[in-house]
Amino acid sequence: MSGSVPRPVAWGTVSSSAASRPGPTADVAPLSLCAREPHVPADRLVAEMVPPPRFDAVRFGTYIPDPDQPSQTEAVRVLEGFAAGLNGAPAGDPGRRRLFGFGKAPKKSPAGPRGVYLDGGYGVGKTHLLASLWHATPAEPSLKAFGTFVELTNLVGALGFQQTVKTLSGHRLLCIDEFELDDPGDTVLVSTLLGKLVEAGVALAATSNTLPGKLGEGRFAAADFLREIQGLSAHFRALRIDGEDYRHRGLPEAPPPYSAELVTRTAHATEGASLDSFPDLLDHLARVHPSRYGALTDGLRAVCLTDVRPVPDQSTALRLVVLADRLYDREVPVLASGLPFDRLFSEDMLKGGYRKKYFRAISRLTALARDAGRLTDAR
């Protein structure tokens, strides 16, 4: 696919496209996530900062604006112009620095924003548009980066702040999906990082999550985003994208879990499936840096879990959220016994500051659990 980057497969089995087509085979020994301790080199962490496989094929032309929401059509128009305007000298080049207003600026600075922020509720296609911007930007994939806020903070944790600045400073564009405003420390860290990247001439684009107290509003507030990134706000043009509010759709009901016997039998009959007990997997996640969770899932065609039970604490819950994101990005079905996924998190967690993350994890794991139903069709 033009503009996409093949993701390394460290475990030597299948690509993500093959992983979406699991099927029954003769009895095979299932894999185990708990047996994997991936060591991911820094260059792979950066190389994997591309749109997830489910967004490989999206383009501005595949985004269908709602005719009743003119802001959606306007957002496409502005983003197409923004992408075209990035067809200049590579980031870090002195000419590039002048283009974005740093160093010795020319007498006449070009018009246009240095960054864009997509402001809108759930389900209006912000990630689709952000990935389309990445694909449309006229630069080699190695000069563009796309990742969630969590992936960016994990990159800093793995590489260190200065090395992250050095690594990303040569990029033409950095896209950040789900910029999280619910953790002040991480927000300040990433804001400082973005300031350094802007100085190096890197263009920015972002979507964001709501602040904890704003979840019920059903849309993201651009003023909150611009305030939280402090001195960077002048570099962003906010694009409001109106559309149906996510509250009208609600979370899908989680499918009932299967028996442990069926989950185990399916794991043995599905090539490339893993089989682990849920408590053991949660313990293992504590020993693997979240930046490696993508590598943890390399080559998997399905994840089979037994004894799903409530997550015991918030640190464990947040690690599970990251794993759920990586599995969802790679479209890996999840077959489980025990409790349904909508009972993973306590009432206190679902009412706390990280509740949006937990609702997202429930939604994504539920979708993957529905996908796993086809694994049992031949059982």
# chains A, B, ... in the order shown; residues from 1 in each chain; ligands from 1

$ residues_around --residues "stretch 156-166 of chain A" --least-positions-apart "2" --cutoff "9 Å" --atoms "only C-alpha atoms" --output "mmCIF file with all heavy atoms, in the first residue's frame"
data_model
loop_
_atom_site.group_PDB
_atom_site.id
_atom_site.type_symbol
_atom_site.label_atom_id
_atom_site.label_comp_id
_atom_site.auth_asym_id
_atom_site.auth_seq_id
_atom_site.Cartn_x
_atom_site.Cartn_y
_atom_site.Cartn_z
ATOM 1 N N ALA A 42 15.675 0.872 19.384
ATOM 2 C CA ALA A 42 15.104 2.217 19.265
ATOM 3 C C ALA A 42 14.622 2.505 17.861
ATOM 4 O O ALA A 42 13.580 3.142 17.672
ATOM 5 C CB ALA A 42 16.140 3.257 19.690
ATOM 6 N N LEU A 45 11.145 1.219 17.345
ATOM 7 C CA LEU A 45 10.113 2.011 18.011
ATOM 8 C C LEU A 45 9.705 3.198 17.150
ATOM 9 O O LEU A 45 8.519 3.523 17.035
ATOM 10 C CB LEU A 45 10.621 2.504 19.368
ATOM 11 C CG LEU A 45 10.812 1.450 20.458
ATOM 12 C CD1 LEU A 45 11.401 2.104 21.705
ATOM 13 C CD2 LEU A 45 9.498 0.758 20.779
ATOM 14 N N GLU A 151 1.791 6.292 23.143
ATOM 15 C CA GLU A 151 2.963 5.784 22.439
ATOM 16 C C GLU A 151 4.107 6.789 22.468
ATOM 17 O O GLU A 151 5.287 6.402 22.576
ATOM 18 C CB GLU A 151 2.589 5.443 20.995
ATOM 19 C CG GLU A 151 1.729 4.193 20.867
ATOM 20 C CD GLU A 151 1.295 3.934 19.442
ATOM 21 O OE1 GLU A 151 0.651 4.809 18.839
ATOM 22 O OE2 GLU A 151 1.599 2.834 18.929
ATOM 23 N N LEU A 152 3.778 8.075 22.391
ATOM 24 C CA LEU A 152 4.821 9.096 22.424
ATOM 25 C C LEU A 152 5.474 9.161 23.798
ATOM 26 O O LEU A 152 6.703 9.241 23.905
ATOM 27 C CB LEU A 152 4.229 10.458 22.050
ATOM 28 C CG LEU A 152 5.222 11.596 21.810
ATOM 29 C CD1 LEU A 152 6.201 11.248 20.692
ATOM 30 C CD2 LEU A 152 4.481 12.892 21.478
ATOM 31 N N THR A 153 4.678 9.108 24.861
ATOM 32 C CA THR A 153 5.268 9.113 26.203
ATOM 33 C C THR A 153 6.075 7.833 26.442
ATOM 34 O O THR A 153 7.126 7.866 27.094
ATOM 35 C CB THR A 153 4.201 9.275 27.292
ATOM 36 O OG1 THR A 153 3.236 8.217 27.182
ATOM 37 C CG2 THR A 153 3.492 10.613 27.169
ATOM 38 N N ASN A 154 5.607 6.713 25.904
ATOM 39 C CA ASN A 154 6.374 5.475 26.029
ATOM 40 C C ASN A 154 7.695 5.567 25.282
ATOM 41 O O ASN A 154 8.718 5.021 25.719
ATOM 42 C CB ASN A 154 5.567 4.288 25.500
ATOM 43 C CG ASN A 154 4.434 3.894 26.435
ATOM 44 O OD1 ASN A 154 4.445 4.236 27.614
ATOM 45 N ND2 ASN A 154 3.461 3.174 25.919
ATOM 46 N N LEU A 168 13.364 12.608 16.576
ATOM 47 C CA LEU A 168 12.199 13.138 15.870
ATOM 48 C C LEU A 168 12.444 14.486 15.203
ATOM 49 O O LEU A 168 11.631 14.925 14.386
ATOM 50 C CB LEU A 168 11.010 13.259 16.829
ATOM 51 C CG LEU A 168 10.471 11.941 17.400
ATOM 52 C CD1 LEU A 168 9.309 12.217 18.344
ATOM 53 C CD2 LEU A 168 10.041 10.988 16.287
ATOM 54 N N SER A 169 13.555 15.139 15.529
ATOM 55 C CA SER A 169 13.805 16.481 14.983
ATOM 56 C C SER A 169 13.991 16.487 13.472
ATOM 57 O O SER A 169 13.800 17.514 12.829
ATOM 58 C CB SER A 169 15.029 17.108 15.657
ATOM 59 O OG SER A 169 14.750 17.470 16.990
ATOM 60 N N GLY A 170 14.370 15.368 12.903
ATOM 61 C CA GLY A 170 14.548 15.317 11.464
ATOM 62 C C GLY A 170 13.271 15.017 10.695
ATOM 63 O O GLY A 170 13.291 14.915 9.475
ATOM 64 N N LEU A 189 5.358 17.130 29.950
ATOM 65 C CA LEU A 189 6.473 16.453 29.285
ATOM 66 C C LEU A 189 6.337 16.548 27.770
ATOM 67 O O LEU A 189 7.279 16.958 27.065
ATOM 68 C CB LEU A 189 6.518 14.983 29.707
ATOM 69 C CG LEU A 189 7.503 14.090 28.931
ATOM 70 C CD1 LEU A 189 8.938 14.457 29.270
ATOM 71 C CD2 LEU A 189 7.232 12.616 29.222
ATOM 72 N N VAL A 190 5.156 16.203 27.258
ATOM 73 C CA VAL A 190 4.965 16.193 25.810
ATOM 74 C C VAL A 190 4.935 17.619 25.271
ATOM 75 O O VAL A 190 5.444 17.882 24.175
ATOM 76 C CB VAL A 190 3.694 15.417 25.440
ATOM 77 C CG1 VAL A 190 3.398 15.535 23.947
ATOM 78 C CG2 VAL A 190 3.850 13.947 25.815
ATOM 79 N N LEU A 193 8.447 18.579 24.852
ATOM 80 C CA LEU A 193 8.993 17.871 23.690
ATOM 81 C C LEU A 193 8.545 18.542 22.398
ATOM 82 O O LEU A 193 9.361 18.788 21.499
ATOM 83 C CB LEU A 193 8.531 16.414 23.713
ATOM 84 C CG LEU A 193 8.827 15.586 22.460
ATOM 85 C CD1 LEU A 193 10.328 15.416 22.274
ATOM 86 C CD2 LEU A 193 8.139 14.215 22.549
ATOM 87 N N LEU A 194 7.266 18.858 22.300
ATOM 88 C CA LEU A 194 6.760 19.477 21.074
ATOM 89 C C LEU A 194 7.388 20.843 20.844
ATOM 90 O O LEU A 194 7.628 21.235 19.696
ATOM 91 C CB LEU A 194 5.235 19.600 21.134
ATOM 92 C CG LEU A 194 4.453 18.286 21.209
ATOM 93 C CD1 LEU A 194 2.957 18.552 21.108
ATOM 94 C CD2 LEU A 194 4.895 17.307 20.135
ATOM 95 N N LYS A 196 10.427 21.691 21.541
ATOM 96 C CA LYS A 196 11.744 21.429 20.945
ATOM 97 C C LYS A 196 11.603 21.041 19.468
ATOM 98 O O LYS A 196 12.427 21.449 18.631
ATOM 99 C CB LYS A 196 12.450 20.310 21.709
ATOM 100 C CG LYS A 196 12.764 20.624 23.158
ATOM 101 C CD LYS A 196 13.841 21.686 23.279
ATOM 102 C CE LYS A 196 14.249 21.882 24.732
ATOM 103 N NZ LYS A 196 15.283 22.959 24.877
ATOM 104 N N LEU A 197 10.582 20.244 19.159
ATOM 105 C CA LEU A 197 10.405 19.799 17.780
ATOM 106 C C LEU A 197 9.972 20.949 16.877
ATOM 107 O O LEU A 197 10.416 21.043 15.724
ATOM 108 C CB LEU A 197 9.389 18.663 17.722
ATOM 109 C CG LEU A 197 9.789 17.376 18.471
ATOM 110 C CD1 LEU A 197 8.703 16.325 18.340
ATOM 111 C CD2 LEU A 197 11.127 16.838 17.981
ATOM 112 N N HIS A 289 8.051 -3.285 29.362
ATOM 113 C CA HIS A 289 7.768 -1.861 29.168
ATOM 114 C C HIS A 289 6.648 -1.702 28.146
ATOM 115 O O HIS A 289 6.627 -2.389 27.118
ATOM 116 C CB HIS A 289 9.029 -1.134 28.671
ATOM 117 C CG HIS A 289 8.909 0.356 28.727
ATOM 118 N ND1 HIS A 289 8.297 1.092 27.740
ATOM 119 C CD2 HIS A 289 9.303 1.246 29.672
ATOM 120 C CE1 HIS A 289 8.336 2.376 28.056
ATOM 121 N NE2 HIS A 289 8.930 2.497 29.219
ATOM 122 N N SER A 291 6.148 0.264 25.849
ATOM 123 C CA SER A 291 6.605 0.534 24.490
ATOM 124 C C SER A 291 6.854 -0.756 23.711
ATOM 125 O O SER A 291 6.964 -0.737 22.484
ATOM 126 C CB SER A 291 7.889 1.373 24.513
ATOM 127 O OG SER A 291 8.966 0.647 25.087
#

$ residues_around --residues "stretch 256-262 of chain A" --least-positions-apart "3" --cutoff "6 Å" --atoms "only C-alpha atoms" --output "PyMOL selection string"
chain A and resi 265-266+306+336-337+340

$ residues_around --residues "stretch 49-66 of chain A" --least-positions-apart "5" --cutoff "7 Å" --atoms "only C-alpha atoms" --output "count of residues only"
15

$ closest_residue --among "A:Arg36, A:Arg114, A:Arg374, A:Arg343" --to "A:Phe82" --atoms "only C-alpha atoms"
A:Arg114

$ closest_residue --among "A:His268, A:Arg172, A:Lys126, A:Arg319" --to "A:Val303" --atoms "only C-alpha atoms"
A:His268

$ residues_around --residues "A:Val202" --least-positions-apart "2" --cutoff "7 Å" --atoms "only C-alpha atoms" --output "list in words"
Ala91, Ser169, His171, Arg172, Leu173, Leu174, Leu197, Val198, Ala200 and Leu204 of chain A

$ write_last_selection --atoms "N, CA and C atoms" --output "PDB file, in the first residue's frame"
ATOM      1  N   ALA A  91      12.839  18.729   7.533  1.00  0.00           N
ATOM      2  CA  ALA A  91      12.916  19.333   8.854  1.00  0.00           C
ATOM      3  C   ALA A  91      14.365  19.367   9.306  1.00  0.00           C
ATOM      4  N   SER A 169      13.555  15.139  15.529  1.00  0.00           N
ATOM      5  CA  SER A 169      13.805  16.481  14.983  1.00  0.00           C
ATOM      6  C   SER A 169      13.991  16.487  13.472  1.00  0.00           C
ATOM      7  N   HIS A 171      12.143  14.895  11.411  1.00  0.00           N
ATOM      8  CA  HIS A 171      10.886  14.578  10.751  1.00  0.00           C
ATOM      9  C   HIS A 171      10.220  15.831  10.185  1.00  0.00           C
ATOM     10  N   ARG A 172       9.418  15.622   9.164  1.00  0.00           N
ATOM     11  CA  ARG A 172       8.649  16.724   8.593  1.00  0.00           C
ATOM     12  C   ARG A 172       7.319  16.897   9.306  1.00  0.00           C
ATOM     13  N   LEU A 173       6.749  15.799   9.809  1.00  0.00           N
ATOM     14  CA  LEU A 173       5.425  15.853  10.418  1.00  0.00           C
ATOM     15  C   LEU A 173       5.351  14.867  11.576  1.00  0.00           C
ATOM     16  N   LEU A 174       4.719  15.303  12.672  1.00  0.00           N
ATOM     17  CA  LEU A 174       4.406  14.428  13.796  1.00  0.00           C
ATOM     18  C   LEU A 174       2.913  14.520  14.055  1.00  0.00           C
ATOM     19  N   LEU A 197      10.582  20.244  19.159  1.00  0.00           N
ATOM     20  CA  LEU A 197      10.405  19.799  17.780  1.00  0.00           C
ATOM     21  C   LEU A 197       9.972  20.949  16.877  1.00  0.00           C
ATOM     22  N   VAL A 198       9.118  21.825  17.385  1.00  0.00           N
ATOM     23  CA  VAL A 198       8.721  22.996  16.605  1.00  0.00           C
ATOM     24  C   VAL A 198       9.941  23.861  16.292  1.00  0.00           C
ATOM     25  N   ALA A 200      12.804  22.833  15.801  1.00  0.00           N
ATOM     26  CA  ALA A 200      13.571  22.141  14.759  1.00  0.00           C
ATOM     27  C   ALA A 200      12.847  22.147  13.416  1.00  0.00           C
ATOM     28  N   LEU A 204       3.165  19.858  13.243  1.00  0.00           N
ATOM     29  CA  LEU A 204       2.433  19.069  14.221  1.00  0.00           C
ATOM     30  C   LEU A 204       0.961  18.960  13.847  1.00  0.00           C
TER      31      LEU A 204
END

$ closest_residue --among "A:Ile176, A:Asp371, A:Leu323, A:Val28" --to "A:His284" --atoms "only C-alpha atoms"
A:Leu323

$ residues_around --residues "A:Leu118" --least-positions-apart "5" --cutoff "7 Å" --atoms "only C-alpha atoms" --output "short mmCIF file (atom, residue, chain, number, x, y, z; two decimals) with N, CA, C and O atoms, in the first residue's frame"
data_model
loop_
_atom_site.label_atom_id
_atom_site.label_comp_id
_atom_site.auth_asym_id
_atom_site.auth_seq_id
_atom_site.Cartn_x
_atom_site.Cartn_y
_atom_site.Cartn_z
N LYS A 126 -11.95 11.72 13.39
CA LYS A 126 -10.71 12.48 13.60
C LYS A 126 -9.47 11.64 13.28
O LYS A 126 -8.53 12.13 12.65
N ALA A 206 -2.70 17.10 15.78
CA ALA A 206 -3.15 16.37 16.96
C ALA A 206 -4.66 16.29 17.05
O ALA A 206 -5.38 17.14 16.53
N THR A 207 -5.12 15.23 17.72
CA THR A 207 -6.48 15.16 18.24
C THR A 207 -6.32 15.01 19.74
O THR A 207 -5.23 14.71 20.22
N ALA A 238 -7.09 25.38 15.25
CA ALA A 238 -8.09 24.41 15.68
C ALA A 238 -9.16 24.25 14.62
O ALA A 238 -9.71 25.23 14.12
N LEU A 239 -9.43 23.01 14.25
CA LEU A 239 -10.48 22.70 13.28
C LEU A 239 -11.59 21.95 13.99
O LEU A 239 -11.40 20.82 14.45
N ARG A 240 -12.72 22.57 14.13
CA ARG A 240 -13.84 21.90 14.77
C ARG A 240 -14.53 20.98 13.76
O ARG A 240 -14.82 21.40 12.63
N ILE A 241 -14.78 19.74 14.17
CA ILE A 241 -15.44 18.76 13.32
C ILE A 241 -16.70 18.30 14.04
O ILE A 241 -16.65 17.53 15.00
#
